[in-house]
$ cat input_8.cif   # mmCIF, C-alpha atoms
data_my_file
loop_
_atom_site.group_PDB
_atom_site.id
_atom_site.type_symbol
_atom_site.label_atom_id
_atom_site.label_comp_id
_atom_site.auth_asym_id
_atom_site.auth_seq_id
_atom_site.Cartn_x
_atom_site.Cartn_y
_atom_site.Cartn_z
ATOM 1 C CA MET A 1 7.035 -49.390 -15.807
ATOM 2 C CA ALA A 2 4.544 -48.668 -18.587
ATOM 3 C CA THR A 3 2.521 -46.326 -16.359
ATOM 4 C CA PHE A 4 5.736 -44.602 -15.331
ATOM 5 C CA PHE A 5 6.628 -43.818 -18.949
ATOM 6 C CA LYS A 6 3.062 -42.773 -19.601
ATOM 7 C CA VAL A 7 3.251 -40.203 -16.803
ATOM 8 C CA ILE A 8 6.613 -38.935 -18.033
ATOM 9 C CA LEU A 9 5.370 -38.582 -21.594
ATOM 10 C CA ARG A 10 2.202 -36.853 -20.462
ATOM 11 C CA ASN A 11 4.153 -34.411 -18.315
ATOM 12 C CA LEU A 12 6.550 -33.698 -21.175
ATOM 13 C CA ALA A 13 3.657 -33.002 -23.511
ATOM 14 C CA GLN A 14 1.790 -30.824 -21.004
ATOM 15 C CA GLY A 15 4.702 -28.690 -19.896
ATOM 16 C CA PRO A 16 4.894 -27.012 -16.481
ATOM 17 C CA SER A 17 1.597 -26.559 -14.655
ATOM 18 C CA THR A 18 2.783 -23.491 -12.745
ATOM 19 C CA ILE A 19 0.942 -20.319 -13.697
ATOM 20 C CA LYS A 20 3.127 -17.275 -14.297
ATOM 21 C CA TYR A 21 0.867 -15.151 -12.202
ATOM 22 C CA PRO A 22 2.556 -11.914 -11.150
ATOM 23 C CA PHE A 23 4.188 -11.613 -14.581
ATOM 24 C CA GLU A 24 1.167 -12.735 -16.579
ATOM 25 C CA ASP A 25 -2.538 -12.351 -16.009
ATOM 26 C CA SER A 26 -4.401 -15.276 -14.518
ATOM 27 C CA PRO A 27 -8.046 -15.397 -15.637
ATOM 28 C CA ALA A 28 -10.659 -15.949 -12.951
ATOM 29 C CA PRO A 29 -13.832 -18.018 -13.320
ATOM 30 C CA GLU A 30 -16.884 -15.984 -14.306
ATOM 31 C CA LYS A 31 -18.756 -16.758 -11.076
ATOM 32 C CA LEU A 32 -15.886 -16.007 -8.703
ATOM 33 C CA ARG A 33 -16.991 -13.648 -5.961
ATOM 34 C CA GLY A 34 -14.561 -10.762 -5.893
ATOM 35 C CA LYS A 35 -14.814 -7.011 -5.494
ATOM 36 C CA ILE A 36 -18.310 -5.594 -5.244
ATOM 37 C CA LYS A 37 -19.826 -3.376 -7.919
ATOM 38 C CA HIS A 38 -22.834 -1.266 -7.040
ATOM 39 C CA ASN A 39 -25.211 0.246 -9.554
ATOM 40 C CA PRO A 40 -26.672 3.460 -8.068
ATOM 41 C CA GLU A 41 -29.311 3.765 -10.843
ATOM 42 C CA ALA A 42 -31.001 0.505 -9.852
ATOM 43 C CA CYS A 43 -30.605 0.932 -6.086
ATOM 44 C CA VAL A 44 -33.661 1.975 -4.065
ATOM 45 C CA ALA A 45 -31.758 2.229 -0.742
ATOM 46 C CA CYS A 46 -33.867 -0.362 1.069
ATOM 47 C CA HIS A 47 -30.977 -1.214 3.489
ATOM 48 C CA LEU A 48 -31.509 -4.959 2.968
ATOM 49 C CA CYS A 49 -27.859 -5.523 1.958
ATOM 50 C CA GLU A 50 -26.693 -3.632 5.031
ATOM 51 C CA TYR A 51 -28.919 -5.881 7.171
ATOM 52 C CA VAL A 52 -27.723 -9.212 5.714
ATOM 53 C CA CYS A 53 -24.028 -8.266 5.367
ATOM 54 C CA ALA A 54 -22.029 -10.887 7.298
ATOM 55 C CA GLY A 55 -18.887 -8.808 7.724
ATOM 56 C CA GLY A 56 -20.638 -5.524 8.451
ATOM 57 C CA ALA A 57 -18.934 -3.974 5.436
ATOM 58 C CA ILE A 58 -21.883 -2.175 3.857
ATOM 59 C CA LYS A 59 -22.966 1.208 5.138
ATOM 60 C CA ILE A 60 -25.879 3.167 3.708
ATOM 61 C CA GLN A 61 -26.625 6.590 5.100
ATOM 62 C CA GLU A 62 -27.962 9.945 4.049
ATOM 63 C CA SER A 63 -25.312 12.273 2.696
ATOM 64 C CA GLU A 64 -24.384 15.405 4.603
ATOM 65 C CA ASP A 65 -26.114 17.785 2.199
ATOM 66 C CA LYS A 66 -29.220 15.521 2.265
ATOM 67 C CA LYS A 67 -29.316 15.435 -1.536
ATOM 68 C CA GLY A 68 -28.946 11.685 -1.743
ATOM 69 C CA ILE A 69 -27.731 8.527 -0.125
ATOM 70 C CA ASP A 70 -24.119 7.424 0.303
ATOM 71 C CA PHE A 71 -23.484 3.737 -0.312
ATOM 72 C CA VAL A 72 -20.141 2.384 0.922
ATOM 73 C CA VAL A 73 -18.686 -1.135 0.876
ATOM 74 C CA TRP A 74 -15.399 -1.438 2.710
ATOM 75 C CA HIS A 75 -13.658 -4.364 1.031
ATOM 76 C CA ASN A 76 -11.377 -4.804 4.025
ATOM 77 C CA SER A 77 -14.325 -6.055 6.059
ATOM 78 C CA CYS A 78 -16.190 -7.865 3.285
ATOM 79 C CA THR A 79 -16.205 -11.676 3.372
ATOM 80 C CA PHE A 80 -17.229 -11.893 -0.317
ATOM 81 C CA CYS A 81 -20.072 -14.198 0.720
ATOM 82 C CA GLY A 82 -22.496 -12.822 -1.879
ATOM 83 C CA LEU A 83 -25.448 -12.487 0.505
ATOM 84 C CA CYS A 84 -25.982 -8.872 -0.577
ATOM 85 C CA GLU A 85 -26.221 -9.918 -4.232
ATOM 86 C CA TYR A 86 -28.562 -12.779 -3.337
ATOM 87 C CA TYR A 87 -30.948 -10.687 -1.257
ATOM 88 C CA CYS A 88 -30.866 -7.462 -3.282
ATOM 89 C CA PRO A 89 -34.430 -7.121 -4.655
ATOM 90 C CA MET A 90 -33.261 -4.815 -7.462
ATOM 91 C CA LYS A 91 -30.089 -6.757 -8.357
ATOM 92 C CA ALA A 92 -28.189 -3.496 -7.927
ATOM 93 C CA ILE A 93 -25.200 -5.215 -6.282
ATOM 94 C CA HIS A 94 -22.974 -7.503 -8.268
ATOM 95 C CA LEU A 95 -19.857 -9.350 -7.151
ATOM 96 C CA THR A 96 -17.394 -9.115 -10.031
ATOM 97 C CA ASN A 97 -14.657 -11.679 -10.556
ATOM 98 C CA ASN A 98 -11.921 -9.143 -9.800
ATOM 99 C CA TYR A 99 -9.774 -10.782 -7.122
ATOM 100 C CA HIS A 100 -6.896 -8.252 -7.075
ATOM 101 C CA THR A 101 -7.310 -7.263 -3.457
ATOM 102 C CA ALA A 102 -3.731 -6.768 -2.240
ATOM 103 C CA HIS A 103 -2.954 -3.150 -1.388
ATOM 104 C CA LEU A 104 -0.595 -1.069 0.701
ATOM 105 C CA GLN A 105 -1.364 0.044 4.228
ATOM 106 C CA GLU A 106 -1.896 3.693 3.250
ATOM 107 C CA ASP A 107 -4.836 2.718 1.022
ATOM 108 C CA LYS A 108 -6.468 0.668 3.775
ATOM 109 C CA TYR A 109 -9.381 2.996 4.452
ATOM 110 C CA ASN A 110 -9.812 4.013 0.795
ATOM 111 C CA PHE A 111 -10.184 0.445 -0.419
ATOM 112 C CA CYS A 112 -13.928 0.600 -0.832
ATOM 113 C CA GLU A 113 -16.699 0.948 -3.360
ATOM 114 C CA LYS A 114 -18.405 4.320 -2.923
ATOM 115 C CA THR A 115 -21.480 5.330 -4.867
ATOM 116 C CA PHE A 116 -24.071 8.033 -4.515
ATOM 117 C CA VAL A 117 -27.795 7.470 -4.996
ATOM 118 C CA MET A 118 -29.282 10.819 -6.089
ATOM 119 C CA LYS A 119 -32.640 11.814 -4.660
ATOM 120 C CA GLN A 120 -35.320 13.313 -6.872
ATOM 121 C CA LYS A 121 -38.020 15.778 -5.903
ATOM 122 C CA CYS A 122 -41.582 14.536 -5.515
ATOM 123 C CA ILE A 123 -43.484 15.946 -8.495
ATOM 124 C CA ARG A 124 -46.352 17.091 -6.278
ATOM 125 C CA CYS A 125 -44.904 18.459 -3.029
ATOM 126 C CA GLY A 126 -41.200 18.735 -3.852
ATOM 127 C CA GLU A 127 -39.933 16.585 -1.016
ATOM 128 C CA PRO A 128 -36.767 14.658 -2.001
ATOM 129 C CA ILE A 129 -37.314 10.909 -2.386
ATOM 130 C CA VAL A 130 -35.214 8.018 -3.649
ATOM 131 C CA PRO A 131 -36.353 7.353 -7.231
ATOM 132 C CA LEU A 132 -37.697 3.955 -8.232
ATOM 133 C CA SER A 133 -35.782 2.125 -10.923
ATOM 134 C CA PRO A 134 -37.551 1.366 -14.266
ATOM 135 C CA THR A 135 -37.547 -2.388 -13.571
ATOM 136 C CA LEU A 136 -39.354 -1.880 -10.264
ATOM 137 C CA VAL A 137 -41.890 0.448 -11.903
ATOM 138 C CA GLU A 138 -42.609 -2.255 -14.479
ATOM 139 C CA LYS A 139 -42.946 -4.833 -11.713
ATOM 140 C CA ILE A 140 -45.504 -2.748 -9.856
ATOM 141 C CA TYR A 141 -47.524 -1.100 -12.610
ATOM 142 C CA GLY A 142 -47.305 -3.650 -15.419
ATOM 143 C CA LYS A 143 -46.104 -3.202 -18.965
ATOM 144 C CA GLU A 144 -47.887 0.058 -19.815
ATOM 145 C CA GLY A 145 -45.876 1.664 -17.049
ATOM 146 C CA ASP A 146 -46.690 4.306 -14.540
ATOM 147 C CA VAL A 147 -49.531 6.299 -16.183
ATOM 148 C CA LYS A 148 -50.328 8.620 -13.278
ATOM 149 C CA GLY A 149 -46.709 9.346 -12.363
ATOM 150 C CA LEU A 150 -47.182 7.728 -8.973
ATOM 151 C CA SER A 151 -43.641 6.375 -8.929
ATOM 152 C CA LYS A 152 -42.255 9.914 -8.847
ATOM 153 C CA MET A 153 -44.222 10.929 -5.765
ATOM 154 C CA CYS A 154 -43.542 10.620 -2.079
ATOM 155 C CA PRO A 155 -45.726 8.087 -0.183
ATOM 156 C CA LYS A 156 -48.003 10.801 1.211
ATOM 157 C CA CYS A 157 -48.715 12.371 -2.184
ATOM 158 C CA ARG A 158 -49.225 8.931 -3.701
ATOM 159 C CA ARG A 159 -51.953 8.233 -1.157
ATOM 160 C CA LYS A 160 -53.531 11.633 -1.765
ATOM 161 C CA THR A 161 -53.533 11.157 -5.530
ATOM 162 C CA LEU A 162 -55.069 7.725 -5.264
ATOM 163 C CA TRP A 163 -57.747 9.055 -2.919
ATOM 164 C CA GLU A 164 -58.615 11.920 -5.234
ATOM 165 C CA GLY A 165 -58.512 10.062 -8.505
ATOM 166 C CA GLY A 166 -59.371 6.553 -7.391
ATOM 167 C CA ALA A 167 -57.213 3.531 -7.874
ATOM 168 C CA PRO A 168 -55.501 3.179 -11.262
ATOM 169 C CA LYS A 169 -57.192 0.685 -13.582
ATOM 170 C CA PRO A 170 -55.465 -2.700 -13.656
ATOM 171 C CA MET B 171 32.630 -10.433 0.140
ATOM 172 C CA ALA B 172 30.070 -8.741 2.397
ATOM 173 C CA GLU B 173 28.774 -6.715 -0.547
ATOM 174 C CA LEU B 174 28.359 -9.836 -2.628
ATOM 175 C CA LEU B 175 26.483 -11.501 0.217
ATOM 176 C CA GLN B 176 24.210 -8.484 0.541
ATOM 177 C CA LYS B 177 23.398 -8.707 -3.142
ATOM 178 C CA ILE B 178 22.636 -12.409 -2.942
ATOM 179 C CA VAL B 179 20.520 -12.076 0.193
ATOM 180 C CA LYS B 180 18.417 -9.424 -1.496
ATOM 181 C CA MET B 181 17.292 -11.993 -4.044
ATOM 182 C CA SER B 182 15.557 -14.288 -1.578
ATOM 183 C CA PRO B 183 13.419 -13.034 1.269
ATOM 184 C CA TRP B 184 12.219 -15.830 3.519
ATOM 185 C CA ILE B 185 8.662 -15.990 4.658
ATOM 186 C CA TYR B 186 7.344 -16.807 8.076
ATOM 187 C CA ARG B 187 3.709 -17.060 8.985
ATOM 188 C CA ILE B 188 1.923 -16.472 12.245
ATOM 189 C CA ASN B 189 -1.537 -17.768 12.979
ATOM 190 C CA ALA B 190 -3.081 -15.227 15.325
ATOM 191 C CA GLY B 191 -6.268 -17.135 16.067
ATOM 192 C CA SER B 192 -7.240 -17.722 12.465
ATOM 193 C CA CYS B 193 -9.900 -20.240 11.406
ATOM 194 C CA ASN B 194 -7.260 -21.939 9.214
ATOM 195 C CA GLY B 195 -8.867 -20.812 5.948
ATOM 196 C CA CYS B 196 -6.181 -18.247 5.214
ATOM 197 C CA ASP B 197 -3.484 -20.652 6.425
ATOM 198 C CA VAL B 198 -4.636 -23.244 3.934
ATOM 199 C CA GLU B 199 -4.434 -20.651 1.145
ATOM 200 C CA MET B 200 -0.944 -19.603 2.280
ATOM 201 C CA ALA B 201 0.158 -23.223 2.278
ATOM 202 C CA THR B 202 -1.397 -23.526 -1.177
ATOM 203 C CA THR B 203 0.705 -20.668 -2.534
ATOM 204 C CA ALA B 204 3.841 -22.411 -1.289
ATOM 205 C CA LEU B 205 3.224 -26.104 -1.781
ATOM 206 C CA ILE B 206 1.080 -26.534 -4.867
ATOM 207 C CA PRO B 207 3.044 -26.409 -8.140
ATOM 208 C CA ARG B 208 0.289 -24.382 -9.777
ATOM 209 C CA TYR B 209 1.064 -21.302 -7.610
ATOM 210 C CA ASP B 210 4.573 -22.007 -6.316
ATOM 211 C CA VAL B 211 5.636 -18.851 -4.507
ATOM 212 C CA GLU B 212 9.269 -20.012 -4.551
ATOM 213 C CA ARG B 213 9.502 -18.628 -8.099
ATOM 214 C CA LEU B 214 9.768 -15.187 -6.496
ATOM 215 C CA GLY B 215 12.745 -16.327 -4.448
ATOM 216 C CA CYS B 216 10.704 -16.768 -1.296
ATOM 217 C CA ARG B 217 10.753 -19.737 1.014
ATOM 218 C CA TYR B 218 8.660 -20.586 4.009
ATOM 219 C CA CYS B 219 10.939 -21.055 6.986
ATOM 220 C CA GLY B 220 10.299 -22.633 10.350
ATOM 221 C CA SER B 221 11.996 -20.153 12.620
ATOM 222 C CA PRO B 222 11.155 -16.471 13.064
ATOM 223 C CA LYS B 223 14.879 -15.736 13.418
ATOM 224 C CA HIS B 224 15.423 -16.592 9.755
ATOM 225 C CA ALA B 225 12.447 -14.639 8.427
ATOM 226 C CA ASP B 226 12.250 -11.422 6.412
ATOM 227 C CA ILE B 227 8.582 -11.245 5.505
ATOM 228 C CA VAL B 228 5.928 -12.263 7.986
ATOM 229 C CA LEU B 229 2.394 -13.206 6.985
ATOM 230 C CA ILE B 230 -0.137 -12.873 9.787
ATOM 231 C CA SER B 231 -3.625 -14.325 9.608
ATOM 232 C CA GLY B 232 -6.474 -14.298 12.072
ATOM 233 C CA PRO B 233 -8.032 -11.679 14.335
ATOM 234 C CA VAL B 234 -5.485 -11.021 17.062
ATOM 235 C CA THR B 235 -7.342 -12.584 19.971
ATOM 236 C CA ALA B 236 -6.711 -11.567 23.570
ATOM 237 C CA VAL B 237 -5.030 -14.880 24.397
ATOM 238 C CA VAL B 238 -2.688 -14.992 21.424
ATOM 239 C CA LYS B 239 -1.779 -11.283 21.326
ATOM 240 C CA ASP B 240 1.256 -11.459 23.624
ATOM 241 C CA LYS B 241 2.587 -14.540 21.840
ATOM 242 C CA VAL B 242 2.272 -12.838 18.462
ATOM 243 C CA LEU B 243 4.202 -9.825 19.759
ATOM 244 C CA ARG B 244 6.886 -12.105 21.234
ATOM 245 C CA VAL B 245 7.386 -13.970 17.960
ATOM 246 C CA TYR B 246 7.266 -10.709 15.996
ATOM 247 C CA ASN B 247 10.039 -9.210 18.129
ATOM 248 C CA GLU B 248 12.241 -12.215 17.391
ATOM 249 C CA ILE B 249 12.224 -11.469 13.659
ATOM 250 C CA PRO B 250 15.349 -9.523 12.676
ATOM 251 C CA GLU B 251 15.157 -6.118 10.999
ATOM 252 C CA PRO B 252 14.380 -5.267 8.230
ATOM 253 C CA LYS B 253 11.023 -6.995 8.271
ATOM 254 C CA VAL B 254 7.805 -6.535 6.345
ATOM 255 C CA VAL B 255 4.392 -7.450 7.688
ATOM 256 C CA VAL B 256 1.605 -8.700 5.433
ATOM 257 C CA ALA B 257 -1.881 -9.037 6.917
ATOM 258 C CA VAL B 258 -3.662 -11.896 5.141
ATOM 259 C CA GLY B 259 -7.449 -12.094 5.271
ATOM 260 C CA ILE B 260 -9.957 -9.579 6.555
ATOM 261 C CA CYS B 261 -9.565 -10.651 10.198
ATOM 262 C CA PRO B 262 -6.185 -9.041 10.980
ATOM 263 C CA ILE B 263 -7.061 -5.997 8.847
ATOM 264 C CA SER B 264 -10.410 -5.021 10.329
ATOM 265 C CA GLY B 265 -11.545 -7.821 12.618
ATOM 266 C CA GLY B 266 -13.831 -9.137 9.891
ATOM 267 C CA VAL B 267 -16.724 -11.250 11.116
ATOM 268 C CA PHE B 268 -15.107 -11.419 14.576
ATOM 269 C CA ARG B 269 -15.121 -7.657 15.057
ATOM 270 C CA GLU B 270 -16.693 -6.556 18.365
ATOM 271 C CA SER B 271 -16.346 -10.101 19.703
ATOM 272 C CA TYR B 272 -15.494 -10.537 23.394
ATOM 273 C CA SER B 273 -12.038 -11.961 22.625
ATOM 274 C CA VAL B 274 -10.972 -9.568 19.875
ATOM 275 C CA GLN B 275 -9.804 -6.288 21.336
ATOM 276 C CA ASN B 276 -8.273 -4.538 18.358
ATOM 277 C CA GLN B 277 -7.096 -5.177 14.833
ATOM 278 C CA LEU B 278 -3.507 -6.017 13.996
ATOM 279 C CA ASP B 279 -2.219 -2.582 13.003
ATOM 280 C CA ALA B 280 -2.944 -1.307 16.524
ATOM 281 C CA TYR B 281 -0.076 -3.510 17.810
ATOM 282 C CA ILE B 282 2.276 -3.996 14.847
ATOM 283 C CA PRO B 283 3.136 -1.703 11.899
ATOM 284 C CA VAL B 284 1.523 -3.452 8.901
ATOM 285 C CA ASP B 285 2.839 -2.778 5.378
ATOM 286 C CA VAL B 286 0.594 -4.714 3.014
ATOM 287 C CA ASN B 287 -3.024 -5.813 3.366
ATOM 288 C CA VAL B 288 -4.528 -8.727 1.458
ATOM 289 C CA PRO B 289 -8.261 -8.814 2.181
ATOM 290 C CA GLY B 290 -10.446 -11.785 1.364
ATOM 291 C CA CYS B 291 -12.151 -14.498 3.324
ATOM 292 C CA PRO B 292 -9.890 -16.269 2.436
ATOM 293 C CA PRO B 293 -8.001 -14.365 -0.282
ATOM 294 C CA ARG B 294 -7.217 -16.141 -3.536
ATOM 295 C CA PRO B 295 -3.703 -17.606 -3.820
ATOM 296 C CA GLN B 296 -3.063 -15.135 -6.651
ATOM 297 C CA ALA B 297 -3.969 -12.262 -4.325
ATOM 298 C CA ILE B 298 -1.546 -13.596 -1.706
ATOM 299 C CA ILE B 299 1.171 -13.800 -4.387
ATOM 300 C CA ASP B 300 0.353 -10.167 -5.258
ATOM 301 C CA GLY B 301 0.733 -9.199 -1.606
ATOM 302 C CA ILE B 302 4.038 -11.044 -1.288
ATOM 303 C CA ALA B 303 5.330 -9.343 -4.456
ATOM 304 C CA MET B 304 4.455 -5.945 -2.963
ATOM 305 C CA ALA B 305 6.097 -6.931 0.319
ATOM 306 C CA ILE B 306 9.297 -7.968 -1.478
ATOM 307 C CA GLU B 307 9.498 -4.539 -3.135
ATOM 308 C CA ILE B 308 9.081 -2.800 0.225
ATOM 309 C CA TRP B 309 11.611 -5.136 1.818
ATOM 310 C CA ARG B 310 14.232 -4.401 -0.866
ATOM 311 C CA LYS B 311 13.771 -0.681 -0.286
ATOM 312 C CA LYS B 312 14.191 -1.126 3.471
ATOM 313 C CA PHE B 313 17.361 -3.152 3.058
#

$ encode --input "input_8.cif" --output "structure tokens"
Amino acid sequence: MATFFKVILRNLAQGPSTIKYPFEDSPAPEKLRGKIKHNPEACVACHLCEYVCAGGAIKIQESEDKKGIDFVVWHNSCTFCGLCEYYCPMKAIHLTNNYHTAHLQEDKYNFCEKTFVMKQKCIRCGEPIVPLSPTLVEKIYGKEGDVKGLSKMCPKCRRKTLWEGGAPKP
Amino acid sequence: MAELLQKIVKMSPWIYRINAGSCNGCDVEMATTALIPRYDVERLGCRYCGSPKHADIVLISGPVTAVVKDKVLRVYNEIPEPKVVVAVGICPISGGVFRESYSVQNQLDAYIPVDVNVPGCPPRPQAIIDGIAMAIEIWRKKF
């Protein structure tokens, strides 16, 4: 009997446990894996996310005008497993805690994250290449950064420059 | 009297769910939205019913496998008009991880006109509530 009254009193003090969701916002935990956010500045288009994607939702391909790379995640095929975030070497993909995924049938094929990774011209021969992000440059060349401008060259020119000028001092 | 009944009926669409070869993940979340007091979909006037003949909104989960396809269509045709279809989970929407499997021929909207999609693997109960709220709006317009 005592436990019974205890439960009643506790429930009276707590109030209803039902959340008022569609009429009020319901906060999600910080680490919830929801809609994907892609940062085109950090992306180096290495196709690793496309390779590990469980649902086959990620598609990376050269744009039609060949000026950059189109990155598309179709949320209607994404399992929100987080493998892309885990394996991304640049941490360019992040799964936000936005869980509002319900949408009407006419938006079915537009329900995706589309970004565009701009290509830059190689400073020596002018061939368009995907630029390296500043964090990757620091990883490769150390804290003083890229002295010879190697990170802005295509692989061929990089080899040529190294051959002509010798390897950069460590 | 009939007008009054129409008005009352509009307040409470009943929900029916079909498992079209789902892994049970989405079904558990759908049961969660109905049974657990925290989510309690009956606030919106909905109720899960046992017979397709009583249903107004149908929630379908699972990739429509070759074996279960005809049964899904049979049950779907038993639901009286007007009806609204909600595809829950990525499987009925696009095939999901089962796409291009030997037993999955096509996604759901190739067989049945779908109105609302709720992607997720499984979707959150809140997302399912969102989808049901959208479906209720569509259903009231169809009425």

$ interface_residues --input "input_8.cif" --of "chain A" --to "chain B" --cutoff "7 Å" --atoms "all atoms listed in the file" --output "PyMOL selection string"
chain A and resi 17-19+21-22+54-55+76-77+79-80+99-105

$ resolve_selection --input "input_8.cif" --expression "the PyMOL selection byres ((chain A and resi 112) around 12)" --output "ChimeraX atom specification"
/A:35-38,57-59,71-78,101,103,107-111,113-115 /B:289

$ write_last_selection --input "input_8.cif" --atoms "C-alpha atoms" --output "PDB file, in the frame of the given file"
ATOM      1  CA  LYS A  35     -14.814  -7.011  -5.494  1.00  0.00           C
ATOM      2  CA  ILE A  36     -18.310  -5.594  -5.244  1.00  0.00           C
ATOM      3  CA  LYS A  37     -19.826  -3.376  -7.919  1.00  0.00           C
ATOM      4  CA  HIS A  38     -22.834  -1.266  -7.040  1.00  0.00           C
ATOM      5  CA  ALA A  57     -18.934  -3.974   5.436  1.00  0.00           C
ATOM      6  CA  ILE A  58     -21.883  -2.175   3.857  1.00  0.00           C
ATOM      7  CA  LYS A  59     -22.966   1.208   5.138  1.00  0.00           C
ATOM      8  CA  PHE A  71     -23.484   3.737  -0.312  1.00  0.00           C
ATOM      9  CA  VAL A  72     -20.141   2.384   0.922  1.00  0.00           C
ATOM     10  CA  VAL A  73     -18.686  -1.135   0.876  1.00  0.00           C
ATOM     11  CA  TRP A  74     -15.399  -1.438   2.710  1.00  0.00           C
ATOM     12  CA  HIS A  75     -13.658  -4.364   1.031  1.00  0.00           C
ATOM     13  CA  ASN A  76     -11.377  -4.804   4.025  1.00  0.00           C
ATOM     14  CA  SER A  77     -14.325  -6.055   6.059  1.00  0.00           C
ATOM     15  CA  CYS A  78     -16.190  -7.865   3.285  1.00  0.00           C
ATOM     16  CA  THR A 101      -7.310  -7.263  -3.457  1.00  0.00           C
ATOM     17  CA  HIS A 103      -2.954  -3.150  -1.388  1.00  0.00           C
ATOM     18  CA  ASP A 107      -4.836   2.718   1.022  1.00  0.00           C
ATOM     19  CA  LYS A 108      -6.468   0.668   3.775  1.00  0.00           C
ATOM     20  CA  TYR A 109      -9.381   2.996   4.452  1.00  0.00           C
ATOM     21  CA  ASN A 110      -9.812   4.013   0.795  1.00  0.00           C
ATOM     22  CA  PHE A 111     -10.184   0.445  -0.419  1.00  0.00           C
ATOM     23  CA  GLU A 113     -16.699   0.948  -3.360  1.00  0.00           C
ATOM     24  CA  LYS A 114     -18.405   4.320  -2.923  1.00  0.00           C
ATOM     25  CA  THR A 115     -21.480   5.330  -4.867  1.00  0.00           C
TER      26      THR A 115
ATOM     27  CA  PRO B 289      -8.261  -8.814   2.181  1.00  0.00           C
TER      28      PRO B 289
END

$ closest_residue --input "input_8.cif" --among "B:Met171, B:Tyr281, B:Gly195, B:Gln176" --to "Val242 in chain B" --atoms "only C-alpha atoms"
B:Tyr281

$ resolve_selection --input "input_8.cif" --expression "the PyMOL selection byres ((chain B and resi 179) around 12)" --output "MDAnalysis selection string"
chainID B and resid 172:178 180:184 215:216 224:226 309:310 313

$ atom_distance --input "input_8.cif" --atom1 "CA of Cys196 in chain B" --atom2 "CA of Glu50 in chain A"
25.2 Å

$ atom_distance --input "input_8.cif" --atom1 "CA of Asp197 in chain B" --atom2 "CA of Ile230 in chain B"
9.1 Å
